[in-house]
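Below: one structure, written as structure tokens.
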Amino acid sequence: MGLTIGVDIGGTKIAAGVVDEEGNILSTHKVPTPGTAEGIVDAIASAVEGARVGHDIVGVGIGAAGYVNRQRSEVYFAPNIHWRNEPLKEKVEARVGLPVIVENDANAAAWGEYKFGGGKGHRNVICITLGTGLGGGIIIGNKLRRGHFGVAAEFGHIRMVPDGLLCGCGSQGCWEQYASGRALVRYAKQRANATPENAEILLGLGNGTPEGIEGKHISMAARQGDRVAVDSYRELARWVGAGLADLASLFDPSAFIVGGGLSDEGELVLGPIRKSYKRWLVGGNWRPVAEVRAAELGNKAGLVGAADLAREPDPIM
């Protein structure tokens, strides 16, 4: 179909990029993220217009955090933007004069990894993104599976612990409360408070108190052998692996692709995740075991995936 533009809506900036059919980004344009819902629509249009200069563009794909309808046109609900039944496709098309599709941002990133990154060559892939929260995407039979209403793969809100920790979604015990960047920081702070003698490196990287610990400190300290930092990663991995084992029972993929900021730590986090996954996988000693692989596209996955999905036919059958 030719060149398309992918749009990634971030907390501080909105990035638009021209992407070819091999997943290569040819040009990008970024604008600050406004503070209002309507301002974001205008900013998306501005980013698209800036990126398309000098290119013949056939469509636009937008990755949006939130629940997107099956028709890829409307955002039912966005947690960080005041979008409620927002007709985003219609509004952006009116401004840029190009066909537009809207996709959940985690789905877009999953598709990018499946087509051009860690999932390349696999037909059945489950992707999870470990960042501030936990998201994901389902590719079965080479197709992105959105569910009947378009809001499947909200893995972060699977309830892992009945009556567990309160989640921002309003439920309790959600997976992302135990397997995310926020959870990792909580584990480190709790352990450093309980046994500060095992967290000398970690505490030294902050302000000397558990309250000063940030995610970047945990990574740095773990690589220097800090016991609390290493144990915090193991606790995170225990929960991630247990969740992957449950997803394997549901979808039986050939590979899990782990993306998001935490995956940048490589084997520091992936090795323990694999061990936990195998530990909790039902029949794991006797059945084929899916690979657990690192994502390869980094923060480009969502933009590339959204652009490529703009080439995909309407998923409604």
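Residues are named by chain letter and number: chains run A, B, ... in the order of the structure tokens, numbers start at 1 in each chain, and ligands are numbered from 1 in the order shown.
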
8 Å contact set for stretch 232-242 of chain A, only C-alpha atoms, chain neighbours under 2 positions out, as a ChimeraX atom specification: /A:175,178-180,183-184,187-188,191,228-230,244-246,268-270,272-281

task: Give the alpha helix (DSSP H) residues of stretch 45-209 of chain A, as assigned by DSSP on the backbone, as a PyMOL selection string.
output: chain A and resi 45-52+88-96+105-116+181-194+200-205

- Polymer residues at most 7 Å from A:Val7, only C-alpha atoms, same-chain spacing of 3 or more positions, as a ChimeraX atom specification: /A:15-17,61-63,303,306

Resulting file, chosen residues, C-alpha atoms, as a PDB file, in the first residue's frame:
```pdb
ATOM      1  CA  ALA A  15       5.452  11.624  17.764  1.00  0.00           C
ATOM      2  CA  ALA A  16       4.439  10.932  14.171  1.00  0.00           C
ATOM      3  CA  GLY A  17       6.645   8.918  11.837  1.00  0.00           C
ATOM      4  CA  GLY A  61      -2.460   4.775  12.394  1.00  0.00           C
ATOM      5  CA  ILE A  62      -2.817   6.222  15.909  1.00  0.00           C
ATOM      6  CA  GLY A  63      -1.790   4.339  19.045  1.00  0.00           C
ATOM      7  CA  LEU A 303       4.676   3.996  16.231  1.00  0.00           C
ATOM      8  CA  ALA A 306       0.309   1.698  14.384  1.00  0.00           C
TER       9      ALA A 306
END
```

Using the chain letters and numbers from this document, which residues of stretch 32-263 of chain A does DSSP assign to strand (DSSP E), as a JSON list (two decimals) with all heavy atoms, in the first residue's frame?
```
[["chain", "number", "residue", "atom", "x", "y", "z"],
["A", 32, "PRO", "N", 4.76, 18.94, 21.43],
["A", 32, "PRO", "CA", 4.43, 18.74, 22.85],
["A", 32, "PRO", "C", 2.99, 18.23, 23.02],
["A", 32, "PRO", "O", 2.11, 18.58, 22.23],
["A", 32, "PRO", "CB", 4.59, 20.14, 23.46],
["A", 32, "PRO", "CG", 5.44, 20.90, 22.48],
["A", 32, "PRO", "CD", 5.12, 20.34, 21.13],
["A", 57, "ILE", "N", 1.62, 9.80, 1.33],
["A", 57, "ILE", "CA", 1.10, 9.00, 2.43],
["A", 57, "ILE", "C", -0.28, 8.46, 2.09],
["A", 57, "ILE", "O", -1.13, 9.19, 1.56],
["A", 57, "ILE", "CB", 1.01, 9.84, 3.73],
["A", 57, "ILE", "CG1", 2.38, 10.45, 4.06],
["A", 57, "ILE", "CG2", 0.50, 8.99, 4.88],
["A", 57, "ILE", "CD1", 3.49, 9.43, 4.30],
["A", 58, "VAL", "N", -0.50, 7.16, 2.43],
["A", 58, "VAL", "CA", -1.79, 6.55, 2.10],
["A", 58, "VAL", "C", -2.68, 6.33, 3.31],
["A", 58, "VAL", "O", -3.86, 5.99, 3.16],
["A", 58, "VAL", "CB", -1.58, 5.20, 1.36],
["A", 58, "VAL", "CG1", -0.84, 5.42, 0.05],
["A", 58, "VAL", "CG2", -0.84, 4.20, 2.23],
["A", 59, "GLY", "N", -2.17, 6.51, 4.53],
["A", 59, "GLY", "CA", -3.00, 6.31, 5.70],
["A", 59, "GLY", "C", -2.25, 6.63, 6.98],
["A", 59, "GLY", "O", -1.03, 6.78, 6.99],
["A", 60, "VAL", "N", -3.01, 6.74, 8.07],
["A", 60, "VAL", "CA", -2.45, 7.08, 9.37],
["A", 60, "VAL", "C", -2.98, 6.09, 10.41],
["A", 60, "VAL", "O", -4.16, 5.76, 10.43],
["A", 60, "VAL", "CB", -2.86, 8.52, 9.79],
["A", 60, "VAL", "CG1", -2.37, 8.83, 11.20],
["A", 60, "VAL", "CG2", -2.34, 9.54, 8.79],
["A", 61, "GLY", "N", -2.07, 5.61, 11.28],
["A", 61, "GLY", "CA", -2.46, 4.77, 12.39],
["A", 61, "GLY", "C", -2.10, 5.47, 13.70],
["A", 61, "GLY", "O", -0.97, 5.95, 13.85],
["A", 62, "ILE", "N", -3.03, 5.54, 14.63],
["A", 62, "ILE", "CA", -2.82, 6.22, 15.91],
["A", 62, "ILE", "C", -2.86, 5.20, 17.04],
["A", 62, "ILE", "O", -3.82, 4.44, 17.16],
["A", 62, "ILE", "CB", -3.90, 7.29, 16.16],
["A", 62, "ILE", "CG1", -3.89, 8.34, 15.05],
["A", 62, "ILE", "CG2", -3.70, 7.96, 17.52],
["A", 62, "ILE", "CD1", -5.08, 9.29, 15.11],
["A", 63, "GLY", "N", -1.81, 5.17, 17.85],
["A", 63, "GLY", "CA", -1.79, 4.34, 19.05],
["A", 63, "GLY", "C", -2.26, 5.16, 20.23],
["A", 63, "GLY", "O", -1.63, 6.15, 20.60],
["A", 64, "ALA", "N", -3.37, 4.75, 20.84],
["A", 64, "ALA", "CA", -3.97, 5.51, 21.93],
["A", 64, "ALA", "C", -4.08, 4.64, 23.18],
["A", 64, "ALA", "O", -4.54, 3.50, 23.10],
["A", 64, "ALA", "CB", -5.35, 6.03, 21.54],
["A", 67, "TYR", "N", -9.32, 2.17, 25.89],
["A", 67, "TYR", "CA", -10.17, 1.17, 25.26],
["A", 67, "TYR", "C", -10.65, 1.71, 23.92],
["A", 67, "TYR", "O", -11.32, 2.75, 23.86],
["A", 67, "TYR", "CB", -11.37, 0.86, 26.14],
["A", 67, "TYR", "CG", -11.05, 0.05, 27.39],
["A", 67, "TYR", "CD1", -9.75, -0.31, 27.71],
["A", 67, "TYR", "CD2", -12.07, -0.35, 28.24],
["A", 67, "TYR", "CE1", -9.46, -1.05, 28.84],
["A", 67, "TYR", "CE2", -11.79, -1.10, 29.39],
["A", 67, "TYR", "CZ", -10.49, -1.44, 29.68],
["A", 67, "TYR", "OH", -10.22, -2.17, 30.80],
["A", 68, "VAL", "N", -10.31, 1.01, 22.86],
["A", 68, "VAL", "CA", -10.65, 1.43, 21.50],
["A", 68, "VAL", "C", -11.66, 0.45, 20.92],
["A", 68, "VAL", "O", -11.53, -0.78, 21.09],
["A", 68, "VAL", "CB", -9.39, 1.47, 20.60],
["A", 68, "VAL", "CG1", -9.76, 1.83, 19.17],
["A", 68, "VAL", "CG2", -8.38, 2.45, 21.16],
["A", 75, "VAL", "N", -12.41, 5.99, 20.81],
["A", 75, "VAL", "CA", -11.83, 5.65, 22.10],
["A", 75, "VAL", "C", -12.96, 5.65, 23.12],
["A", 75, "VAL", "O", -13.52, 6.70, 23.45],
["A", 75, "VAL", "CB", -10.72, 6.64, 22.52],
["A", 75, "VAL", "CG1", -10.12, 6.21, 23.86],
["A", 75, "VAL", "CG2", -9.63, 6.72, 21.46],
["A", 76, "TYR", "N", -13.30, 4.45, 23.61],
["A", 76, "TYR", "CA", -14.36, 4.37, 24.62],
["A", 76, "TYR", "C", -13.98, 5.14, 25.88],
["A", 76, "TYR", "O", -14.76, 5.89, 26.44],
["A", 76, "TYR", "CB", -14.58, 2.91, 25.04],
["A", 76, "TYR", "CG", -15.24, 2.02, 24.03],
["A", 76, "TYR", "CD1", -14.70, 0.77, 23.75],
["A", 76, "TYR", "CD2", -16.43, 2.38, 23.41],
["A", 76, "TYR", "CE1", -15.32, -0.09, 22.86],
["A", 76, "TYR", "CE2", -17.05, 1.53, 22.51],
["A", 76, "TYR", "CZ", -16.48, 0.29, 22.24],
["A", 76, "TYR", "OH", -17.09, -0.56, 21.36],
["A", 77, "PHE", "N", -12.74, 4.90, 26.31],
["A", 77, "PHE", "CA", -12.30, 5.45, 27.59],
["A", 77, "PHE", "C", -10.78, 5.50, 27.59],
["A", 77, "PHE", "O", -10.11, 4.55, 27.19],
["A", 77, "PHE", "CB", -12.79, 4.55, 28.73],
["A", 77, "PHE", "CG", -12.13, 4.83, 30.07],
["A", 77, "PHE", "CD1", -12.55, 5.89, 30.85],
["A", 77, "PHE", "CD2", -11.08, 4.03, 30.51],
["A", 77, "PHE", "CE1", -11.94, 6.14, 32.08],
["A", 77, "PHE", "CE2", -10.47, 4.27, 31.74],
["A", 77, "PHE", "CZ", -10.89, 5.33, 32.52],
["A", 84, "ARG", "N", -13.99, 10.18, 26.39],
["A", 84, "ARG", "CA", -15.10, 9.27, 26.68],
["A", 84, "ARG", "C", -15.93, 9.18, 25.42],
["A", 84, "ARG", "O", -16.51, 10.15, 24.98],
["A", 84, "ARG", "CB", -15.95, 9.78, 27.86],
["A", 84, "ARG", "CG", -15.17, 10.07, 29.13],
["A", 84, "ARG", "CD", -14.60, 8.81, 29.76],
["A", 84, "ARG", "NE", -13.95, 9.08, 31.05],
["A", 84, "ARG", "CZ", -12.65, 9.34, 31.20],
["A", 84, "ARG", "NH1", -11.85, 9.36, 30.13],
["A", 84, "ARG", "NH2", -12.15, 9.56, 32.40],
["A", 85, "ASN", "N", -15.93, 7.97, 24.79],
["A", 85, "ASN", "CA", -16.58, 7.79, 23.49],
["A", 85, "ASN", "C", -16.13, 8.85, 22.49],
["A", 85, "ASN", "O", -16.93, 9.48, 21.80],
["A", 85, "ASN", "CB", -18.11, 7.82, 23.65],
["A", 85, "ASN", "CG", -18.61, 6.73, 24.58],
["A", 85, "ASN", "OD1", -19.18, 7.03, 25.63],
["A", 85, "ASN", "ND2", -18.39, 5.48, 24.24],
["A", 86, "GLU", "N", -14.82, 9.02, 22.44],
["A", 86, "GLU", "CA", -14.21, 10.04, 21.58],
["A", 86, "GLU", "C", -14.09, 9.55, 20.14],
["A", 86, "GLU", "O", -13.43, 8.54, 19.85],
["A", 86, "GLU", "CB", -12.80, 10.37, 22.11],
["A", 86, "GLU", "CG", -11.99, 11.32, 21.27],
["A", 86, "GLU", "CD", -12.47, 12.76, 21.35],
["A", 86, "GLU", "OE1", -13.32, 13.04, 22.23],
["A", 86, "GLU", "OE2", -11.99, 13.59, 20.57],
["A", 100, "VAL", "N", -7.71, 7.19, 8.48],
["A", 100, "VAL", "CA", -7.13, 7.04, 9.82],
["A", 100, "VAL", "C", -7.71, 5.80, 10.49],
["A", 100, "VAL", "O", -8.91, 5.52, 10.37],
["A", 100, "VAL", "CB", -7.42, 8.29, 10.68],
["A", 100, "VAL", "CG1", -7.00, 8.06, 12.14],
["A", 100, "VAL", "CG2", -6.71, 9.51, 10.12],
["A", 101, "ILE", "N", -6.85, 5.05, 11.18],
["A", 101, "ILE", "CA", -7.34, 4.00, 12.09],
["A", 101, "ILE", "C", -6.79, 4.31, 13.48],
["A", 101, "ILE", "O", -5.72, 4.91, 13.62],
["A", 101, "ILE", "CB", -6.96, 2.58, 11.64],
["A", 101, "ILE", "CG1", -5.44, 2.36, 11.69],
["A", 101, "ILE", "CG2", -7.51, 2.28, 10.26],
["A", 101, "ILE", "CD1", -4.94, 1.58, 12.87],
["A", 102, "VAL", "N", -7.55, 3.93, 14.49],
["A", 102, "VAL", "CA", -7.13, 4.12, 15.88],
["A", 102, "VAL", "C", -6.95, 2.74, 16.50],
["A", 102, "VAL", "O", -7.78, 1.85, 16.31],
["A", 102, "VAL", "CB", -8.18, 4.92, 16.68],
["A", 102, "VAL", "CG1", -7.69, 5.17, 18.10],
["A", 102, "VAL", "CG2", -8.50, 6.23, 15.98],
["A", 103, "GLU", "N", -5.86, 2.56, 17.23],
["A", 103, "GLU", "CA", -5.59, 1.27, 17.86],
["A", 103, "GLU", "C", -5.10, 1.49, 19.28],
["A", 103, "GLU", "O", -4.45, 2.51, 19.57],
["A", 103, "GLU", "CB", -4.52, 0.51, 17.06],
["A", 103, "GLU", "CG", -4.24, -0.90, 17.53],
["A", 103, "GLU", "CD", -5.49, -1.76, 17.53],
["A", 103, "GLU", "OE1", -5.93, -2.19, 16.44],
["A", 103, "GLU", "OE2", -6.06, -1.98, 18.62],
["A", 104, "ASN", "N", -5.42, 0.59, 20.18],
["A", 104, "ASN", "CA", -4.84, 0.62, 21.51],
["A", 104, "ASN", "C", -3.32, 0.62, 21.40],
["A", 104, "ASN", "O", -2.75, -0.12, 20.58],
["A", 104, "ASN", "CB", -5.33, -0.59, 22.30],
["A", 104, "ASN", "CG", -4.61, -0.76, 23.61],
["A", 104, "ASN", "OD1", -3.60, -1.46, 23.68],
["A", 104, "ASN", "ND2", -5.10, -0.11, 24.64],
["A", 125, "VAL", "N", 1.77, -15.29, 19.02],
["A", 125, "VAL", "CA", 2.64, -14.54, 19.94],
["A", 125, "VAL", "C", 1.78, -13.79, 20.95],
["A", 125, "VAL", "O", 0.74, -13.21, 20.59],
["A", 125, "VAL", "CB", 3.51, -13.52, 19.16],
["A", 125, "VAL", "CG1", 4.33, -12.67, 20.11],
["A", 125, "VAL", "CG2", 4.42, -14.24, 18.18],
["A", 126, "ILE", "N", 2.21, -13.81, 22.19],
["A", 126, "ILE", "CA", 1.62, -12.95, 23.21],
["A", 126, "ILE", "C", 2.69, -11.94, 23.62],
["A", 126, "ILE", "O", 3.81, -12.32, 23.97],
["A", 126, "ILE", "CB", 1.16, -13.74, 24.45],
["A", 126, "ILE", "CG1", 0.12, -14.79, 24.06],
["A", 126, "ILE", "CG2", 0.60, -12.80, 25.51],
["A", 126, "ILE", "CD1", -1.16, -14.24, 23.47],
["A", 127, "CYS", "N", 2.35, -10.67, 23.56],
["A", 127, "CYS", "CA", 3.29, -9.61, 23.94],
["A", 127, "CYS", "C", 2.81, -8.97, 25.24],
["A", 127, "CYS", "O", 1.61, -8.75, 25.44],
["A", 127, "CYS", "CB", 3.35, -8.54, 22.86],
["A", 127, "CYS", "SG", 3.97, -9.13, 21.27],
["A", 128, "ILE", "N", 3.76, -8.70, 26.12],
["A", 128, "ILE", "CA", 3.44, -7.90, 27.30],
["A", 128, "ILE", "C", 4.42, -6.73, 27.37],
["A", 128, "ILE", "O", 5.57, -6.86, 26.94],
["A", 128, "ILE", "CB", 3.46, -8.71, 28.61],
["A", 128, "ILE", "CG1", 4.88, -9.20, 28.94],
["A", 128, "ILE", "CG2", 2.49, -9.87, 28.56],
["A", 128, "ILE", "CD1", 5.01, -9.71, 30.36],
["A", 129, "THR", "N", 3.95, -5.63, 27.87],
["A", 129, "THR", "CA", 4.80, -4.46, 28.06],
["A", 129, "THR", "C", 4.90, -4.17, 29.55],
["A", 129, "THR", "O", 3.88, -3.95, 30.21],
["A", 129, "THR", "CB", 4.24, -3.23, 27.32],
["A", 129, "THR", "OG1", 2.88, -3.01, 27.73],
["A", 129, "THR", "CG2", 4.28, -3.44, 25.81],
["A", 130, "LEU", "N", 6.12, -4.21, 30.05],
["A", 130, "LEU", "CA", 6.38, -3.95, 31.47],
["A", 130, "LEU", "C", 6.92, -2.54, 31.60],
["A", 130, "LEU", "O", 8.09, -2.29, 31.36],
["A", 130, "LEU", "CB", 7.40, -4.96, 32.02],
["A", 130, "LEU", "CG", 6.97, -6.43, 32.06],
["A", 130, "LEU", "CD1", 8.13, -7.28, 32.53],
["A", 130, "LEU", "CD2", 5.77, -6.61, 32.97],
["A", 134, "LEU", "N", 1.19, -2.45, 33.14],
["A", 134, "LEU", "CA", 1.40, -3.67, 32.37],
["A", 134, "LEU", "C", 0.34, -3.76, 31.30],
["A", 134, "LEU", "O", -0.86, -3.73, 31.60],
["A", 134, "LEU", "CB", 1.35, -4.90, 33.29],
["A", 134, "LEU", "CG", 1.80, -6.24, 32.72],
["A", 134, "LEU", "CD1", 2.24, -7.17, 33.84],
["A", 134, "LEU", "CD2", 0.69, -6.92, 31.91],
["A", 135, "GLY", "N", 0.78, -3.82, 30.05],
["A", 135, "GLY", "CA", -0.15, -3.95, 28.92],
["A", 135, "GLY", "C", 0.21, -5.15, 28.09],
["A", 135, "GLY", "O", 1.09, -5.93, 28.44],
["A", 136, "GLY", "N", -0.48, -5.31, 26.95],
["A", 136, "GLY", "CA", -0.16, -6.47, 26.12],
["A", 136, "GLY", "C", -0.94, -6.51, 24.83],
["A", 136, "GLY", "O", -1.75, -5.62, 24.54],
["A", 137, "GLY", "N", -0.69, -7.56, 24.08],
["A", 137, "GLY", "CA", -1.37, -7.77, 22.81],
["A", 137, "GLY", "C", -1.36, -9.25, 22.46],
["A", 137, "GLY", "O", -0.47, -9.99, 22.88],
["A", 138, "ILE", "N", -2.36, -9.67, 21.68],
["A", 138, "ILE", "CA", -2.54, -11.07, 21.32],
["A", 138, "ILE", "C", -2.47, -11.20, 19.80],
["A", 138, "ILE", "O", -3.28, -10.58, 19.09],
["A", 138, "ILE", "CB", -3.91, -11.58, 21.80],
["A", 138, "ILE", "CG1", -4.08, -11.40, 23.31],
["A", 138, "ILE", "CG2", -4.12, -13.04, 21.40],
["A", 138, "ILE", "CD1", -5.53, -11.53, 23.78],
["A", 139, "ILE", "N", -1.53, -11.99, 19.30],
["A", 139, "ILE", "CA", -1.49, -12.31, 17.87],
["A", 139, "ILE", "C", -1.63, -13.82, 17.75],
["A", 139, "ILE", "O", -0.76, -14.58, 18.21],
["A", 139, "ILE", "CB", -0.20, -11.84, 17.19],
["A", 139, "ILE", "CG1", -0.14, -10.32, 17.12],
["A", 139, "ILE", "CG2", -0.12, -12.39, 15.76],
["A", 139, "ILE", "CD1", 0.54, -9.64, 18.25],
["A", 140, "ILE", "N", -2.74, -14.28, 17.19],
["A", 140, "ILE", "CA", -2.99, -15.70, 16.99],
["A", 140, "ILE", "C", -3.30, -15.92, 15.51],
["A", 140, "ILE", "O", -4.16, -15.23, 14.94],
["A", 140, "ILE", "CB", -4.18, -16.20, 17.85],
["A", 140, "ILE", "CG1", -3.88, -15.99, 19.33],
["A", 140, "ILE", "CG2", -4.48, -17.67, 17.54],
["A", 140, "ILE", "CD1", -2.75, -16.84, 19.89],
["A", 143, "LYS", "N", -2.91, -12.87, 13.18],
["A", 143, "LYS", "CA", -3.88, -11.78, 13.27],
["A", 143, "LYS", "C", -3.90, -11.20, 14.68],
["A", 143, "LYS", "O", -3.79, -11.92, 15.66],
["A", 143, "LYS", "CB", -5.29, -12.26, 12.89],
["A", 143, "LYS", "CG", -5.43, -12.66, 11.42],
["A", 143, "LYS", "CD", -6.86, -13.00, 11.11],
["A", 143, "LYS", "CE", -6.99, -13.39, 9.64],
["A", 143, "LYS", "NZ", -6.70, -12.25, 8.73],
["A", 144, "LEU", "N", -4.03, -9.89, 14.74],
["A", 144, "LEU", "CA", -4.19, -9.21, 16.03],
["A", 144, "LEU", "C", -5.61, -9.44, 16.53],
["A", 144, "LEU", "O", -6.58, -9.11, 15.85],
["A", 144, "LEU", "CB", -3.93, -7.71, 15.86],
["A", 144, "LEU", "CG", -4.08, -6.84, 17.11],
["A", 144, "LEU", "CD1", -3.08, -7.24, 18.18],
["A", 144, "LEU", "CD2", -3.91, -5.37, 16.75],
["A", 255, "ALA", "N", 5.68, -18.03, 21.46],
["A", 255, "ALA", "CA", 6.64, -17.10, 22.07],
["A", 255, "ALA", "C", 5.90, -16.03, 22.85],
["A", 255, "ALA", "O", 4.81, -15.60, 22.47],
["A", 255, "ALA", "CB", 7.52, -16.45, 21.01],
["A", 256, "PHE", "N", 6.51, -15.62, 23.96],
["A", 256, "PHE", "CA", 6.12, -14.42, 24.68],
["A", 256, "PHE", "C", 7.18, -13.36, 24.38],
["A", 256, "PHE", "O", 8.38, -13.63, 24.52],
["A", 256, "PHE", "CB", 6.07, -14.66, 26.19],
["A", 256, "PHE", "CG", 4.93, -15.51, 26.65],
["A", 256, "PHE", "CD1", 5.12, -16.84, 26.98],
["A", 256, "PHE", "CD2", 3.65, -14.97, 26.76],
["A", 256, "PHE", "CE1", 4.07, -17.62, 27.41],
["A", 256, "PHE", "CE2", 2.58, -15.75, 27.20],
["A", 256, "PHE", "CZ", 2.80, -17.09, 27.52],
["A", 257, "ILE", "N", 6.74, -12.18, 24.01],
["A", 257, "ILE", "CA", 7.65, -11.07, 23.78],
["A", 257, "ILE", "C", 7.47, -10.07, 24.91],
["A", 257, "ILE", "O", 6.36, -9.58, 25.14],
["A", 257, "ILE", "CB", 7.38, -10.37, 22.43],
["A", 257, "ILE", "CG1", 7.32, -11.40, 21.30],
["A", 257, "ILE", "CG2", 8.44, -9.32, 22.16],
["A", 257, "ILE", "CD1", 8.56, -12.25, 21.14],
["A", 258, "VAL", "N", 8.55, -9.79, 25.62],
["A", 258, "VAL", "CA", 8.50, -8.90, 26.78],
["A", 258, "VAL", "C", 9.11, -7.56, 26.39],
["A", 258, "VAL", "O", 10.30, -7.47, 26.07],
["A", 258, "VAL", "CB", 9.24, -9.50, 27.98],
["A", 258, "VAL", "CG1", 9.15, -8.56, 29.18],
["A", 258, "VAL", "CG2", 8.67, -10.87, 28.34],
["A", 259, "GLY", "N", 8.28, -6.52, 26.38],
["A", 259, "GLY", "CA", 8.74, -5.19, 26.04],
["A", 259, "GLY", "C", 8.50, -4.22, 27.19],
["A", 259, "GLY", "O", 8.25, -4.62, 28.32]]
```

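Counting only C-alpha atoms, stretch 90-92 of chain A has the following residues at most 9 Å away, ignoring those fewer than 2 positions along the same chain: Val41, Asp42, Ile44, Ala45, Ser73, Glu74, Glu86, Pro87, Leu88, Ala94, Arg95, Val96, Gly97, Leu98, Pro99 and Val100 of chain A.
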
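Atom CA of A:Leu205 lies 14.8 Å from atom CA of A:Asn193.
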
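Closest to A:Ile218 among A:Ala248, A:Leu262, A:Val292, A:Val151 is A:Leu262, based on only C-alpha atoms.
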
### All residues 12 Å or closer to A:Gly204, only C-alpha atoms, same chain fewer than 5 positions away omitted, as a PyMOL selection string
chain A and resi 192+196-199+209-210+212-214+217-218+220-221+226

*Who sits within 8 Å of A:Arg311, only C-alpha atoms, same chain under 3 positions skipped, as JSON, numbers by chain*: {"A": [1, 4, 59, 307, 308]}

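Rounded to one decimal, atom CA of A:Gly10 and atom CA of A:Leu297 lie 16.5 Å from each other.
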
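A straight line drawn from atom CA of A:Asn142 to atom CA of A:Asn124 is 6.6 Å long.
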
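Distances from A:Thr33, A:Asn107, A:Thr132, A:Ser263 to A:Ala65 were compared using only C-alpha atoms, and the smallest one belongs to A:Asn107.
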
Name all residues at most 12 Å from A:Thr28 (count only C-alpha atoms; drop same-chain ones fewer than 5 positions away) and give them as a ChimeraX atom specification. /A:4-8,14-19,46-55,300,303-304

I need the chosen residues saved as a compact mmCIF listing (two decimals), in the first residue's frame, with N, CA, C and O atoms.
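Resulting contents of out22.txt:
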```txt
# COMPACT_ATOMS: atom_id res chain seq x y z
N THR A 4 2.89 4.85 5.22
CA THR A 4 1.86 5.26 6.18
C THR A 4 2.55 6.00 7.33
O THR A 4 3.77 5.95 7.48
N ILE A 5 1.74 6.67 8.13
CA ILE A 5 2.26 7.39 9.30
C ILE A 5 1.71 6.74 10.56
O ILE A 5 0.51 6.46 10.66
N GLY A 6 2.61 6.50 11.51
CA GLY A 6 2.21 6.04 12.82
C GLY A 6 2.32 7.17 13.82
O GLY A 6 3.24 7.99 13.73
N VAL A 7 1.38 7.21 14.76
CA VAL A 7 1.36 8.26 15.78
C VAL A 7 1.42 7.62 17.16
O VAL A 7 0.63 6.73 17.47
N ASP A 8 2.35 8.09 17.97
CA ASP A 8 2.51 7.62 19.34
C ASP A 8 2.20 8.79 20.27
O ASP A 8 2.88 9.82 20.23
N ILE A 14 3.97 14.05 21.42
CA ILE A 14 3.27 13.25 20.43
C ILE A 14 4.20 13.12 19.24
O ILE A 14 4.65 14.13 18.68
N ALA A 15 4.52 11.87 18.86
CA ALA A 15 5.45 11.62 17.76
C ALA A 15 4.71 11.00 16.59
O ALA A 15 3.91 10.08 16.77
N ALA A 16 4.96 11.51 15.40
CA ALA A 16 4.44 10.93 14.17
C ALA A 16 5.62 10.54 13.30
O ALA A 16 6.60 11.29 13.21
N GLY A 17 5.54 9.38 12.67
CA GLY A 17 6.64 8.92 11.84
C GLY A 17 6.15 8.27 10.56
O GLY A 17 5.15 7.53 10.57
N VAL A 18 6.84 8.54 9.48
CA VAL A 18 6.55 7.90 8.20
C VAL A 18 7.25 6.54 8.18
O VAL A 18 8.46 6.45 8.42
N VAL A 19 6.49 5.48 7.91
CA VAL A 19 7.01 4.12 8.00
C VAL A 19 6.75 3.39 6.68
O VAL A 19 5.64 3.45 6.14
N SER A 46 -1.11 18.18 13.75
CA SER A 46 0.12 18.94 13.50
C SER A 46 1.31 18.02 13.32
O SER A 46 2.14 18.23 12.42
N ALA A 47 1.40 16.97 14.15
CA ALA A 47 2.52 16.03 14.03
C ALA A 47 2.46 15.29 12.70
O ALA A 47 3.49 15.08 12.04
N VAL A 48 1.26 14.88 12.29
CA VAL A 48 1.10 14.18 11.02
C VAL A 48 1.49 15.07 9.86
O VAL A 48 2.22 14.65 8.94
N GLU A 49 1.04 16.32 9.88
CA GLU A 49 1.38 17.24 8.79
C GLU A 49 2.89 17.48 8.72
O GLU A 49 3.47 17.58 7.63
N GLY A 50 3.53 17.57 9.89
CA GLY A 50 4.97 17.77 9.89
C GLY A 50 5.72 16.58 9.35
O GLY A 50 6.73 16.73 8.63
N ALA A 51 5.27 15.37 9.68
CA ALA A 51 5.98 14.17 9.24
C ALA A 51 5.76 13.88 7.75
O ALA A 51 6.65 13.33 7.09
N ARG A 52 4.61 14.25 7.19
CA ARG A 52 4.28 13.83 5.83
C ARG A 52 4.94 14.69 4.76
O ARG A 52 4.88 14.33 3.56
N VAL A 53 5.59 15.76 5.14
CA VAL A 53 6.21 16.66 4.15
C VAL A 53 7.19 15.87 3.28
O VAL A 53 8.10 15.20 3.77
N GLY A 54 6.98 15.94 1.97
CA GLY A 54 7.88 15.27 1.03
C GLY A 54 7.57 13.80 0.81
O GLY A 54 8.32 13.12 0.09
N HIS A 55 6.49 13.29 1.40
CA HIS A 55 6.13 11.88 1.25
C HIS A 55 4.70 11.74 0.76
O HIS A 55 3.83 12.53 1.09
N LYS A 300 10.09 2.48 19.73
CA LYS A 300 9.57 2.67 18.37
C LYS A 300 8.43 1.71 18.04
O LYS A 300 7.77 1.87 17.01
N LEU A 303 4.78 3.17 17.43
CA LEU A 303 4.68 4.00 16.23
C LEU A 303 4.72 3.12 14.98
O LEU A 303 3.88 3.26 14.07
N VAL A 304 5.68 2.20 14.92
CA VAL A 304 5.82 1.32 13.75
C VAL A 304 4.59 0.42 13.61
O VAL A 304 4.07 0.23 12.51
```
